[in-house]
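Comments concern the structure below.
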Amino acid sequence: MRIVIAGGHGQIALRLERLLARRGDEVAGIIRRPEQAGDLLAAGAEPVVRDLEEASVDDVAQHLEAADAAVFAAGAGPGSGEARKETVDHAAAVLFADAAERAGVRRFLVVSSMGADREIPPDTDPVFAAYLRAKTEADAAVRARLALDWTVLRPGRLTNDPGTGRVTLAEHVDYGSVTRDDVAAVLLALLDEPRTAGRTLELVGGGTPIAEAVSASVG
């Protein structure tokens, strides 16, 4: 397969790129800064320099042509303010979905967040609240599209601990943490399981092997 990943220099994206390249898939990662290209090349991915906050739909669609799947893994990241939660976590996701439709790419995965679609407590940090609102709006925009075979993955709190290969994956799970290694491995499994299209799944660490958890999510 050829897979194009938005946010190609992110921690989850780099892990997914390594997994895809290792098994022989062709993978490209969209990045904002040219100096990030070396890390993608080391991961086995083709770097594509394109700022999703500035690019047009046509700009991005040309990089999605002939792709079998697209993965939105971009995010404004820690230290960014409320404005960039809107321009990256929401608007860039919509732009990437528009570009996928324009290029005729049906399979579309979104890395979202647990807490999206839920009521935000009034004492929530304003920037984190803006992030959750942006994810909620982006997910809704993607899920409304009939031209995309979308899957929305909502991990819990992310850690850099080594992956366990075992998770809890379902439409609703109790809040918890999950390793970035395991998130990337779940994304790989979702790409291989077309029956997960049309599903929004929450993910935390657990006791079920990833392949079994993904298969069970479509049962």
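Residue numbers start at 1 in each chain; chains themselves are named A, B, ... in the order of the structure tokens; ligands are numbered from 1 in the order shown.
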Asp139 in chain A environment, 9 Å, only C-alpha atoms, sequence neighbours closer than 5 positions dropped, as a ChimeraX atom specification: /A:90,93-94,110,112,116-117,134,144,152,200
Next, write the just-selected residues to a file, as a PDB file, in the first residue's frame, keeping N, CA, C and O atoms as the atom set.
```pdb
ATOM      1  N   HIS A  90      -8.306  21.203  14.159  1.00  0.00           N
ATOM      2  CA  HIS A  90      -9.602  21.221  13.478  1.00  0.00           C
ATOM      3  C   HIS A  90      -9.445  21.501  11.987  1.00  0.00           C
ATOM      4  O   HIS A  90      -9.684  20.634  11.151  1.00  0.00           O
ATOM      5  N   ALA A  93      -7.356  19.159   9.792  1.00  0.00           N
ATOM      6  CA  ALA A  93      -8.003  17.857   9.609  1.00  0.00           C
ATOM      7  C   ALA A  93      -9.071  17.928   8.522  1.00  0.00           C
ATOM      8  O   ALA A  93      -9.195  17.027   7.683  1.00  0.00           O
ATOM      9  N   VAL A  94      -9.832  19.013   8.524  1.00  0.00           N
ATOM     10  CA  VAL A  94     -10.860  19.201   7.495  1.00  0.00           C
ATOM     11  C   VAL A  94     -10.206  19.356   6.122  1.00  0.00           C
ATOM     12  O   VAL A  94     -10.655  18.769   5.131  1.00  0.00           O
ATOM     13  N   VAL A 110      -8.136   8.895  11.464  1.00  0.00           N
ATOM     14  CA  VAL A 110      -7.906  10.107  12.251  1.00  0.00           C
ATOM     15  C   VAL A 110      -7.407   9.711  13.633  1.00  0.00           C
ATOM     16  O   VAL A 110      -8.021   8.872  14.295  1.00  0.00           O
ATOM     17  N   SER A 112      -7.461  11.027  17.052  1.00  0.00           N
ATOM     18  CA  SER A 112      -8.184  12.038  17.816  1.00  0.00           C
ATOM     19  C   SER A 112      -7.777  11.934  19.284  1.00  0.00           C
ATOM     20  O   SER A 112      -6.601  11.701  19.592  1.00  0.00           O
ATOM     21  N   ALA A 116     -13.041  13.895  23.403  1.00  0.00           N
ATOM     22  CA  ALA A 116     -13.808  14.514  22.326  1.00  0.00           C
ATOM     23  C   ALA A 116     -15.240  13.986  22.381  1.00  0.00           C
ATOM     24  O   ALA A 116     -15.466  12.822  22.722  1.00  0.00           O
ATOM     25  N   ASP A 117     -16.182  14.829  22.077  1.00  0.00           N
ATOM     26  CA  ASP A 117     -17.623  14.529  22.107  1.00  0.00           C
ATOM     27  C   ASP A 117     -18.194  14.496  23.524  1.00  0.00           C
ATOM     28  O   ASP A 117     -19.400  14.316  23.683  1.00  0.00           O
ATOM     29  N   ALA A 134     -11.708  21.391  19.358  1.00  0.00           N
ATOM     30  CA  ALA A 134     -11.189  21.263  17.992  1.00  0.00           C
ATOM     31  C   ALA A 134     -11.267  19.825  17.514  1.00  0.00           C
ATOM     32  O   ALA A 134     -11.652  19.553  16.364  1.00  0.00           O
ATOM     33  N   ALA A 144     -19.005  12.978   8.809  1.00  0.00           N
ATOM     34  CA  ALA A 144     -20.145  13.356   7.973  1.00  0.00           C
ATOM     35  C   ALA A 144     -19.925  13.034   6.493  1.00  0.00           C
ATOM     36  O   ALA A 144     -20.849  13.182   5.690  1.00  0.00           O
ATOM     37  N   VAL A 152     -12.115   6.794  13.255  1.00  0.00           N
ATOM     38  CA  VAL A 152     -11.578   7.757  14.215  1.00  0.00           C
ATOM     39  C   VAL A 152     -11.069   6.981  15.424  1.00  0.00           C
ATOM     40  O   VAL A 152     -11.823   6.230  16.047  1.00  0.00           O
ATOM     41  N   THR A 200     -15.901   4.895  15.487  1.00  0.00           N
ATOM     42  CA  THR A 200     -15.112   5.751  16.372  1.00  0.00           C
ATOM     43  C   THR A 200     -14.750   4.908  17.576  1.00  0.00           C
ATOM     44  O   THR A 200     -15.627   4.409  18.285  1.00  0.00           O
TER      45      THR A 200
END
```
Hey, which bits of range 8-34 of chain A sit within 8 Å of range 159-183 of chain A, and for each residue what's the closest pair of atoms and how far apart in Å (one decimal), counting only C-alpha atoms, rows by chain and increasing number, as CSV?
```
residue,atom,partner,partner_atom,distance
A:Gln11,CA,A:Arg180,CA,7.3
A:Ile12,CA,A:Arg180,CA,5.7
A:Arg15,CA,A:Asp181,CA,6.6
```
Secondary structure check, strand (DSSP E or B) residues of chain A, as a ChimeraX atom specification: /A:2-6,26-31,46-49,69-72,107-111,114-117,149-155,157-159,166-170,177-179,199-205,208-209
Close residues, range 58-60 of chain A itself excluded, 12 Å, only C-alpha atoms, min 2 positions apart in chain, as a PyMOL selection string: chain A and resi 4-6+29-31+48-56+62-65+70+92-103
Pick from A:Val71, A:Ile120, A:Ala66, A:Ala138 nearest to Lys85 in chain A, counting only C-alpha atoms: A:Ala138
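Distances here use only C-alpha atoms; by that measure, the residue among A:Pro121, A:Gly24, A:Gly77, A:Gly115 closest to Lys135 in chain A is A:Gly115.
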Helix (DSSP H, G or I) per DSSP on the backbone: members of range 91-129 of chain A, as JSON, numbers by chain: {"A": [91, 92, 93, 94, 95, 96, 97, 98, 99, 100, 101, 102, 103, 126, 127, 128, 129]}
